[in-house]
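Right, one structure below, let's go through it.
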Amino acid sequence: MYNEIALFAENLGAEVILNAPMKKYTSFKCGGNARVLVIPQSVDSLQKILGFCYSKNICPLVIGNGSNLLVADNGIENVVIKIGSKISNIYLVDDETICCEAGASLKSLCMFALENSLSGLEFAYGIPGTLGGAVYMNAGAYGGEMKDVLYSCKHINENGNLNELPQSELNLRYRGSAYTDNGYTIVSALMKLKKAPKTEIKAAMDDKLQRRKDKQPLEYPSAGSTFKRPEGYFAGALIEDCGLKGYTVGGAQVSEKHAGFVINKDNATSTDVLNLIKDVQKIVYEKHGVKLETEVKIIGE
Ligand SMILES: Cc1cc2nc3c(=O)[nH]c(=O)nc-3n(C[C@H](O)[C@H](O)[C@H](O)COP(=O)(O)OP(=O)(O)OC[C@H]3O[C@@H](n4cnc5c(N)ncnc54)[C@H](O)[C@@H]3O)c2cc1C
């Protein structure tokens with residue numbers, strides 16, 4: 001079955017990697033292999049590959065830049081489809097509307113908005129994901145979120161058909177969207193922005209990036225904030241208050257710079273990261289009675 005899918009994808013011109021090391025495709029840089037990793041060359045081939053998988057009752061895991069994923073050490077017994085630079089066109093639809101394909105990085109999207117004097121995406125500058133991952137997660141930072149700019153989104157549904165959802169049906173909420181619920185594959189999105197002077201946009205982008213460099217442990221692999229913000233609290237502050245900054249399990253550590261980040265300090269395994277996460281959840285619950293939920297998507301066991 002997996003070989004059939006690999007062959008089908010290869011014949012369509014997709015890049016196919018068998019037993020793909022997921023540490024190469026995730027920002028945490030740990031975890032096992034995926035049985036088959038497919039990188040489609042176009043939306044058309046993506047649609048055909050998804051359709052073929054669905055016809056075989058296989059529901060692949062679709063990923064973008066892997067910057068919010070932790071793959072278990074025993075890997076993924078499934079087809080993984082990575083949507084990357086081959087599906088990353090960005091263009092203007094009208095003066096204030098950008099269309100962006102799912103595999104484009106948020107960095108290129110923000111740069112495109114800047115070049116066209118369009119404001120609204122500055123918050124996303126420095127988030128190391130793709131547009132697809134950002135819509136799925138309703139990525140946000142510094143008071144902004146994808147919800148503020150999204151107008152509509154195109155996807156491939158469970159029957160392999162291309163379709164579209166307007167903003168009112170995207171169900172965008174804190175780190176979630178309609179796609180978190182329906183599992184469809186995001187193909188592209190329209191975003192409505194506002195004209196503003198380039199100098200102002202650039203200053204706001206530089207400011208956000210500098211704040212990240214100052215506060216976040218960007219020198220180590222991670223998946224960003226490990227935990228969601230619990231209502232009424234900040235995960236990092238709760239963790240710090242429990243004296244857990246620098247807490248280490250194997251090669252994984254609660255960052256000394258920002259307690260909300262679990263980092264891969266020294267060749268951590270995913271088991272190290274998972275055990276550390278469980279310890280942090282237990283200790284924070286015992287001290288504060290707050291249940292920390294992971295923002296990072298854990299794949300496999
Ligand atoms: C240093 C660092 C800083 C970060 N800062 C922030 C931040 O400020 N704010 C924030 O919100 N996040 C932040 N993140 C987390 C992460 O970058 C975001 O969640 C980002 O939106 C994930 O995009 P991705 O392409 O890497 O998605 P992935 O990690 O590849 O996937 C994330 C989820 O989206 C799904 N998905 C991805 N692409 C598609 C698609 N095309 N169709 C359907 N489903 C899809 C995947 O199945 C998975 O469930 C940070 C991460 C790091 C490493």
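Starting from 1 in every chain, residues are counted up; chains themselves are A, B, ... following the order of the structure tokens, and ligands are numbered from 1 as listed.
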
### Message
Env of segment 72-83 of chain A: 7 Å cut, atoms = only C-alpha atoms, seq-sep filter 2 positions within chain, self excluded. Answer as a PyMOL selection string.
### Response
chain A and resi 31-40+60-64+70+87+102-103+269-271+299-301

Considering only C-alpha atoms and all ligand atoms, tabulate each residue of chain A that lies at most 7 Å from ligand 1 along with its nearest interatomic pair and the corresponding distance in Å to one decimal; arrange the rows by chain and ascending residue number and present them as a Markdown table.
```
| residue | atom | partner | partner_atom_place_in_ligand_line | distance |
| --- | --- | --- | --- | --- |
| A:Ser27 | CA | ligand 1 | 53 (C) | 5.7 |
| A:Leu61 | CA | ligand 1 | 47 (O) | 5.8 |
| A:Val62 | CA | ligand 1 | 47 (O) | 4.7 |
| A:Ile63 | CA | ligand 1 | 30 (O) | 3.8 |
| A:Gly64 | CA | ligand 1 | 30 (O) | 3.5 |
| A:Asn65 | CA | ligand 1 | 26 (O) | 3.6 |
| A:Gly66 | CA | ligand 1 | 30 (O) | 3.3 |
| A:Ser67 | CA | ligand 1 | 26 (O) | 3.6 |
| A:Asn68 | CA | ligand 1 | 29 (O) | 3.6 |
| A:Leu69 | CA | ligand 1 | 29 (O) | 4.8 |
| A:Ile83 | CA | ligand 1 | 41 (N) | 6.1 |
| A:Ala102 | CA | ligand 1 | 41 (N) | 5.1 |
| A:Gly103 | CA | ligand 1 | 41 (N) | 6.8 |
| A:Ile127 | CA | ligand 1 | 5 (N) | 4.6 |
| A:Pro128 | CA | ligand 1 | 17 (O) | 4.5 |
| A:Gly129 | CA | ligand 1 | 23 (O) | 3.4 |
| A:Thr130 | CA | ligand 1 | 25 (O) | 3.7 |
| A:Leu131 | CA | ligand 1 | 25 (O) | 6.4 |
| A:Gly132 | CA | ligand 1 | 41 (N) | 3.8 |
| A:Gly133 | CA | ligand 1 | 23 (O) | 3.5 |
| A:Ala134 | CA | ligand 1 | 21 (O) | 3.3 |
| A:Val135 | CA | ligand 1 | 21 (O) | 6.9 |
| A:Tyr136 | CA | ligand 1 | 34 (O) | 5.1 |
| A:Met137 | CA | ligand 1 | 19 (O) | 5.6 |
| A:Asn138 | CA | ligand 1 | 11 (O) | 6.6 |
| A:Ala139 | CA | ligand 1 | 11 (O) | 3.2 |
| A:Gly140 | CA | ligand 1 | 11 (O) | 4.2 |
| A:Ala141 | CA | ligand 1 | 8 (O) | 4.5 |
| A:Arg175 | CA | ligand 1 | 11 (O) | 6.7 |
| A:Tyr179 | CA | ligand 1 | 43 (C) | 6.4 |
| A:Gly183 | CA | ligand 1 | 43 (C) | 6.5 |
| A:Tyr184 | CA | ligand 1 | 43 (C) | 5.8 |
| A:Thr185 | CA | ligand 1 | 42 (N) | 3.7 |
| A:Ile186 | CA | ligand 1 | 42 (N) | 3.7 |
| A:Val187 | CA | ligand 1 | 41 (N) | 5.8 |
| A:Leu218 | CA | ligand 1 | 1 (C) | 5.6 |
| A:Pro221 | CA | ligand 1 | 53 (C) | 7.0 |
| A:Ser222 | CA | ligand 1 | 53 (C) | 5.0 |
| A:Ala223 | CA | ligand 1 | 53 (C) | 3.7 |
| A:Gly224 | CA | ligand 1 | 52 (C) | 3.4 |
| A:Ser225 | CA | ligand 1 | 50 (C) | 6.4 |
| A:Lys297 | CA | ligand 1 | 49 (O) | 5.9 |
```

### Task
Name the closest residue to Gln47 of chain A among the candidates A:Gly243, A:Gly160, A:Gly289, A:Gly13; distances are taken between atoms, counting only C-alpha atoms.
A:Gly160

Quick one: residues within 9 Å of Val280 of chain A, only C-alpha atoms counted, chain neighbours fewer than 5 positions away excluded, as a short mmCIF file (atom, residue, chain, number, x, y, z; two decimals) with C-alpha atoms, in the first residue's frame?
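Final output, around_16.cif:
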```cif
data_model
loop_
_atom_site.label_atom_id
_atom_site.label_comp_id
_atom_site.auth_asym_id
_atom_site.auth_seq_id
_atom_site.Cartn_x
_atom_site.Cartn_y
_atom_site.Cartn_z
CA ILE A 239 6.63 27.26 35.14
CA CYS A 242 7.76 26.44 40.18
CA LEU A 244 11.62 24.91 36.67
CA TYR A 247 14.91 21.81 34.48
CA VAL A 254 13.04 24.16 30.09
CA ASN A 275 8.92 13.17 29.82
CA TYR A 285 -0.69 21.32 38.60
CA LEU A 292 -1.12 22.99 31.11
#
```

### Summary
From the list A:Cys153, A:Leu92, A:Leu46, A:Leu274, the nearest residue to Asn171 of chain A using only C-alpha atoms is A:Cys153

### Task
Using DSSP on the backbone, list every residue of segment 71-230 of chain A that comes out as alpha helix (DSSP H), and give them as a count of residues only.
40

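Counting from atom CA of Thr180 of chain A, the distance to atom CA of Glu164 of chain A is 15.4 Å.
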
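Closest approach to Ala104 of chain A from the set A:Leu162, A:Leu7, A:Ala189, A:Leu238 is made by A:Ala189, with distances taken over only C-alpha atoms.
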
Where does segment 111-182 of chain A meet segment 199-209 of chain A within 7 Å, residue by residue, with the nearest atom pair and distance in Å to one decimal for each, counting only C-alpha atoms, listed by chain and rising number, as a Markdown table?
```
| residue | atom | partner | partner_atom | distance |
| --- | --- | --- | --- | --- |
| A:Leu114 | CA | A:Ile201 | CA | 6.4 |
| A:Ser119 | CA | A:Ile201 | CA | 6.1 |
| A:Glu122 | CA | A:Met205 | CA | 5.1 |
| A:Phe123 | CA | A:Lys208 | CA | 6.8 |
| A:Tyr125 | CA | A:Met205 | CA | 6.0 |
| A:Gly126 | CA | A:Leu209 | CA | 5.7 |
```

#### Entry: strand (DSSP E) residues, from DSSP on the backbone, in segment 115-216 of chain A, as a list of chain:residue names
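Restricting segment 115-216 of chain A to strand (DSSP E) produces A:Leu118, A:Ser119, A:Gly140, A:Ala141, A:Gly144, A:Glu145, A:Leu150, A:Tyr151, A:Ser152, A:Cys153, A:Lys154, A:His155, A:Ile156, A:Leu162, A:Asn163, A:Glu164, A:Leu165, A:Pro166, A:Thr185, A:Ile186, A:Val187, A:Ser188, A:Ala189, A:Leu190, A:Met191, A:Lys192, A:Lys194, A:Lys195.
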
Generate the output file for the selected residues, C-alpha atoms, as a short mmCIF file (atom, residue, chain, number, x, y, z; two decimals), in the first residue's frame.
```
data_model
loop_
_atom_site.label_atom_id
_atom_site.label_comp_id
_atom_site.auth_asym_id
_atom_site.auth_seq_id
_atom_site.Cartn_x
_atom_site.Cartn_y
_atom_site.Cartn_z
CA LEU A 118 0.30 46.50 3.10
CA SER A 119 -0.06 46.44 6.85
CA GLY A 140 -0.64 34.77 16.62
CA ALA A 141 1.81 37.00 18.45
CA GLY A 144 -2.20 40.00 16.33
CA GLU A 145 -3.47 36.72 14.88
CA LEU A 150 -7.92 36.13 6.78
CA TYR A 151 -10.72 36.65 4.26
CA SER A 152 -11.19 33.11 2.96
CA CYS A 153 -9.31 29.88 2.58
CA LYS A 154 -9.13 27.18 -0.13
CA HIS A 155 -8.73 23.55 0.82
CA ILE A 156 -8.96 19.97 -0.40
CA LEU A 162 -11.09 21.68 -3.96
CA ASN A 163 -13.38 23.96 -1.99
CA GLU A 164 -13.38 27.23 -0.09
CA LEU A 165 -14.45 28.55 3.31
CA PRO A 166 -15.25 32.23 3.95
CA THR A 185 -5.75 20.26 3.56
CA ILE A 186 -5.23 24.00 3.27
CA VAL A 187 -4.13 25.04 -0.21
CA SER A 188 -4.20 28.85 -0.15
CA ALA A 189 -5.77 31.82 1.57
CA LEU A 190 -6.87 35.34 0.79
CA MET A 191 -5.87 38.06 3.24
CA LYS A 192 -7.25 41.59 3.43
CA LYS A 194 -4.54 47.96 4.80
CA LYS A 195 -2.32 50.41 2.94
#
```

### Query
If you count only C-alpha atoms, which residues fall within 7 Å of Gly251 of chain A, apart from same-chain ones fewer than 3 positions away, as a ChimeraX atom specification?
/A:264-269,272

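Candidate residues A:Ala124, A:Val93, A:Ile263, A:Val249 were compared for distance to Asp279 of chain A, and the nearest is A:Val249, using only C-alpha atoms.
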
### Query
Please, what distance in Å, to one decimal, runs between atom CA of Leu172 of chain A and atom CA of Ser85 of chain A?
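Interatomic distance, atom CA of Leu172 of chain A to atom CA of Ser85 of chain A: 25.0 Å.
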
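Closest to Lys23 of chain A among A:Ile277, A:Val71, A:Ala9, A:Met146 is A:Val71, based on only C-alpha atoms.
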
### Task
Could you tell me how far atom CA of Ile98 of chain A lies from atom CA of Ala196 of chain A, in Å and to one decimal?
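Between atom CA of Ile98 of chain A and atom CA of Ala196 of chain A the gap works out to 14.8 Å.
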
### Query
Pick from A:Leu276, A:Asn116, A:Tyr2, A:Leu121: nearest to Asn57 of chain A, with only C-alpha atoms counted?
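The shortest atom-to-atom distance to Asn57 of chain A comes from A:Tyr2.
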